[in-house]
>>> print(open('coords13.csv').read())   # CSV, C-alpha atoms
chain,number,residue,atom,x,y,z
L,1,MET,CA,0.0,0.0,0.0
L,2,THR,CA,1.4,3.4,-1.0
L,3,ASP,CA,0.4,6.7,0.4
L,4,GLN,CA,0.0,9.4,-2.3
L,5,GLN,CA,-0.4,12.2,0.3
L,6,PRO,CA,2.2,14.9,0.0
L,7,GLU,CA,4.4,15.5,3.0
L,8,PRO,CA,3.3,18.4,5.2
L,9,ILE,CA,5.1,21.6,4.6
L,10,LEU,CA,4.3,23.2,8.0
L,11,SER,CA,7.7,22.1,9.4
L,12,GLN,CA,9.3,24.5,6.8
L,13,ILE,CA,7.2,27.5,7.9
L,14,SER,CA,7.9,29.7,10.9
L,15,PRO,CA,5.3,31.7,12.7
L,16,LEU,CA,5.6,35.5,12.5
L,17,PRO,CA,7.3,37.0,15.5
L,18,GLY,CA,4.6,38.4,17.8
L,19,GLY,CA,1.9,36.7,15.9
L,20,PRO,CA,-0.8,34.5,17.4
L,21,ALA,CA,1.2,31.3,16.7
L,22,ALA,CA,4.5,32.6,18.0
L,23,GLY,CA,4.1,31.2,21.5
L,24,GLU,CA,5.6,28.3,23.3
L,25,ALA,CA,2.3,26.4,23.3
L,26,TYR,CA,2.3,26.4,19.5
L,27,GLU,CA,5.8,25.1,19.3
L,28,LEU,CA,5.1,22.4,21.8
L,29,ALA,CA,1.9,21.3,20.1
L,30,LEU,CA,3.5,21.3,16.7
L,31,GLY,CA,6.5,19.3,18.0
L,32,ASP,CA,4.2,16.7,19.5
L,33,ILE,CA,2.2,16.3,16.3
L,34,GLN,CA,5.4,16.0,14.2
L,35,LEU,CA,6.8,13.4,16.6
L,36,THR,CA,3.6,11.4,16.4
L,37,VAL,CA,3.6,11.6,12.6
L,38,ALA,CA,7.2,10.4,12.5
L,39,SER,CA,6.3,7.5,14.9
L,40,VAL,CA,3.3,6.5,12.7
L,41,SER,CA,5.4,6.7,9.6
L,42,GLY,CA,8.1,4.5,11.2
L,43,ALA,CA,5.5,1.9,12.1
L,44,LEU,CA,3.9,1.7,8.7
L,45,PRO,CA,6.5,-0.6,7.0
L,46,HIS,CA,6.0,-3.2,9.7
L,47,ALA,CA,2.2,-3.1,9.9
L,48,ASP,CA,-0.2,-5.6,8.4
L,49,GLU,CA,-2.6,-4.3,5.8
L,50,THR,CA,-5.5,-3.4,8.2
L,51,THR,CA,-3.2,-1.7,10.6
L,52,ALA,CA,-1.4,0.1,7.8
L,53,ALA,CA,-4.7,1.5,6.6
L,54,ARG,CA,-5.6,2.8,10.0
L,55,LEU,CA,-2.1,4.3,10.5
L,56,THR,CA,-2.3,6.0,7.1
L,57,ALA,CA,-5.7,7.5,8.0
L,58,LEU,CA,-4.3,8.7,11.3
L,59,ARG,CA,-1.2,10.2,9.6
L,60,ARG,CA,-3.5,12.1,7.2
L,61,ARG,CA,-5.6,13.5,10.1
L,62,LEU,CA,-2.4,14.6,11.9
L,63,ASN,CA,-1.1,16.3,8.8
L,64,ARG,CA,-4.4,18.2,8.5
L,65,LEU,CA,-4.2,19.1,12.1
L,66,GLN,CA,-0.7,20.6,11.5
L,67,LEU,CA,-2.2,22.8,8.8
L,68,VAL,CA,-5.1,23.9,11.0
L,69,LEU,CA,-2.7,24.7,13.9
>>> encode(input="coords13.csv", output="structure tokens")
Amino acid sequence: MTDQQPEPILSQISPLPGGPAAGEAYELALGDIQLTVASVSGALPHADETTAARLTALRRRLNRLQLVL
């Protein structure tokens, strides 16, 4: 099973200094999401087909959450 979703670009974007997303809470939340996406991506090659489908769906939701954040 291949995932055709593009990789998130949020990790390449920095919040504007003094803007609403410039605080520590934003950085901590974004870091947690990115770590979770990396963990899910690392588990995918070892997962059976059903689990891989669930992990792929979870990764897509997390990537969308990054964009919303």
>>> atom_distance(input="coords13.csv", atom1="CA of Ala29 (chain L)", atom2="CA of Thr51 (chain L)")
25.4 Å
>>> residues_around(input="coords13.csv", residues="Ser41 (chain L)", least_positions_apart="2", cutoff="12 Å", atoms="all atoms listed in the file", output="list in words")
Thr2, Asp3, Glu7, Gln34, Leu35, Thr36, Val37, Ala38, Ser39, Ala43, Leu44, Pro45, His46, Ala47, Ala52, Ala53, Arg54, Leu55, Thr56, Ala57, Leu58, Arg59, Arg60, Leu62 and Asn63 of chain L
>>> atom_distance(input="coords13.csv", atom1="CA of Val40 (chain L)", atom2="CA of Leu65 (chain L)")
14.7 Å
>>> residues_around(input="coords13.csv", residues="Leu30 (chain L)", least_positions_apart="3", cutoff="10 Å", atoms="all atoms listed in the file", output="list in words")
Leu10, Ser11, Glu24, Ala25, Tyr26, Glu27, Ile33, Gln34, Leu35, Thr36, Leu65, Gln66, Leu67 and Leu69 of chain L
>>> build_atoms(input="coords13.csv", residues="region 50-66 of chain L", atoms="N, CA, C and O atoms", output="PDB file, in the coordinates of the input")
ATOM      1  N   THR L  50      -4.406  -4.128   7.419  1.00  0.00           N
ATOM      2  CA  THR L  50      -5.500  -3.400   8.200  1.00  0.00           C
ATOM      3  C   THR L  50      -4.888  -2.341   9.041  1.00  0.00           C
ATOM      4  O   THR L  50      -5.386  -1.210   9.067  1.00  0.00           O
ATOM      5  N   THR L  51      -3.845  -2.659   9.764  1.00  0.00           N
ATOM      6  CA  THR L  51      -3.200  -1.700  10.600  1.00  0.00           C
ATOM      7  C   THR L  51      -2.593  -0.552   9.823  1.00  0.00           C
ATOM      8  O   THR L  51      -2.683   0.618  10.202  1.00  0.00           O
ATOM      9  N   ALA L  52      -1.984  -0.890   8.681  1.00  0.00           N
ATOM     10  CA  ALA L  52      -1.400   0.100   7.800  1.00  0.00           C
ATOM     11  C   ALA L  52      -2.443   1.115   7.332  1.00  0.00           C
ATOM     12  O   ALA L  52      -2.194   2.329   7.274  1.00  0.00           O
ATOM     13  N   ALA L  53      -3.627   0.611   7.005  1.00  0.00           N
ATOM     14  CA  ALA L  53      -4.700   1.500   6.600  1.00  0.00           C
ATOM     15  C   ALA L  53      -5.119   2.441   7.675  1.00  0.00           C
ATOM     16  O   ALA L  53      -5.334   3.645   7.444  1.00  0.00           O
ATOM     17  N   ARG L  54      -5.202   1.921   8.884  1.00  0.00           N
ATOM     18  CA  ARG L  54      -5.600   2.800  10.000  1.00  0.00           C
ATOM     19  C   ARG L  54      -4.470   3.802  10.319  1.00  0.00           C
ATOM     20  O   ARG L  54      -4.758   4.962  10.601  1.00  0.00           O
ATOM     21  N   LEU L  55      -3.216   3.381  10.259  1.00  0.00           N
ATOM     22  CA  LEU L  55      -2.100   4.300  10.500  1.00  0.00           C
ATOM     23  C   LEU L  55      -2.032   5.382   9.441  1.00  0.00           C
ATOM     24  O   LEU L  55      -1.759   6.548   9.742  1.00  0.00           O
ATOM     25  N   THR L  56      -2.290   5.006   8.205  1.00  0.00           N
ATOM     26  CA  THR L  56      -2.300   6.000   7.100  1.00  0.00           C
ATOM     27  C   THR L  56      -3.374   7.015   7.315  1.00  0.00           C
ATOM     28  O   THR L  56      -3.148   8.219   7.131  1.00  0.00           O
ATOM     29  N   ALA L  57      -4.560   6.564   7.706  1.00  0.00           N
ATOM     30  CA  ALA L  57      -5.700   7.500   8.000  1.00  0.00           C
ATOM     31  C   ALA L  57      -5.311   8.419   9.134  1.00  0.00           C
ATOM     32  O   ALA L  57      -5.582   9.627   9.085  1.00  0.00           O
ATOM     33  N   LEU L  58      -4.692   7.866  10.167  1.00  0.00           N
ATOM     34  CA  LEU L  58      -4.300   8.700  11.300  1.00  0.00           C
ATOM     35  C   LEU L  58      -3.240   9.712  10.900  1.00  0.00           C
ATOM     36  O   LEU L  58      -3.326  10.884  11.281  1.00  0.00           O
ATOM     37  N   ARG L  59      -2.286   9.296  10.100  1.00  0.00           N
ATOM     38  CA  ARG L  59      -1.200  10.200   9.600  1.00  0.00           C
ATOM     39  C   ARG L  59      -1.854  11.363   8.828  1.00  0.00           C
ATOM     40  O   ARG L  59      -1.463  12.523   8.984  1.00  0.00           O
ATOM     41  N   ARG L  60      -2.830  11.054   7.985  1.00  0.00           N
ATOM     42  CA  ARG L  60      -3.500  12.100   7.200  1.00  0.00           C
ATOM     43  C   ARG L  60      -4.213  13.091   8.129  1.00  0.00           C
ATOM     44  O   ARG L  60      -4.158  14.304   7.918  1.00  0.00           O
ATOM     45  N   ARG L  61      -4.888  12.575   9.153  1.00  0.00           N
ATOM     46  CA  ARG L  61      -5.600  13.500  10.100  1.00  0.00           C
ATOM     47  C   ARG L  61      -4.582  14.346  10.842  1.00  0.00           C
ATOM     48  O   ARG L  61      -4.819  15.536  11.057  1.00  0.00           O
ATOM     49  N   LEU L  62      -3.465  13.772  11.250  1.00  0.00           N
ATOM     50  CA  LEU L  62      -2.400  14.600  11.900  1.00  0.00           C
ATOM     51  C   LEU L  62      -1.835  15.613  11.029  1.00  0.00           C
ATOM     52  O   LEU L  62      -1.573  16.742  11.467  1.00  0.00           O
ATOM     53  N   ASN L  63      -1.627  15.275   9.762  1.00  0.00           N
ATOM     54  CA  ASN L  63      -1.100  16.300   8.800  1.00  0.00           C
ATOM     55  C   ASN L  63      -2.077  17.404   8.626  1.00  0.00           C
ATOM     56  O   ASN L  63      -1.671  18.569   8.569  1.00  0.00           O
ATOM     57  N   ARG L  64      -3.378  17.098   8.565  1.00  0.00           N
ATOM     58  CA  ARG L  64      -4.400  18.200   8.500  1.00  0.00           C
ATOM     59  C   ARG L  64      -4.389  19.006   9.726  1.00  0.00           C
ATOM     60  O   ARG L  64      -4.549  20.230   9.666  1.00  0.00           O
ATOM     61  N   LEU L  65      -4.227  18.364  10.877  1.00  0.00           N
ATOM     62  CA  LEU L  65      -4.200  19.100  12.100  1.00  0.00           C
ATOM     63  C   LEU L  65      -3.007  20.079  12.161  1.00  0.00           C
ATOM     64  O   LEU L  65      -3.144  21.198  12.651  1.00  0.00           O
ATOM     65  N   GLN L  66      -1.875  19.665  11.614  1.00  0.00           N
ATOM     66  CA  GLN L  66      -0.700  20.600  11.500  1.00  0.00           C
ATOM     67  C   GLN L  66      -1.107  21.835  10.732  1.00  0.00           C
ATOM     68  O   GLN L  66      -0.752  22.949  11.109  1.00  0.00           O
TER      69      GLN L  66
END
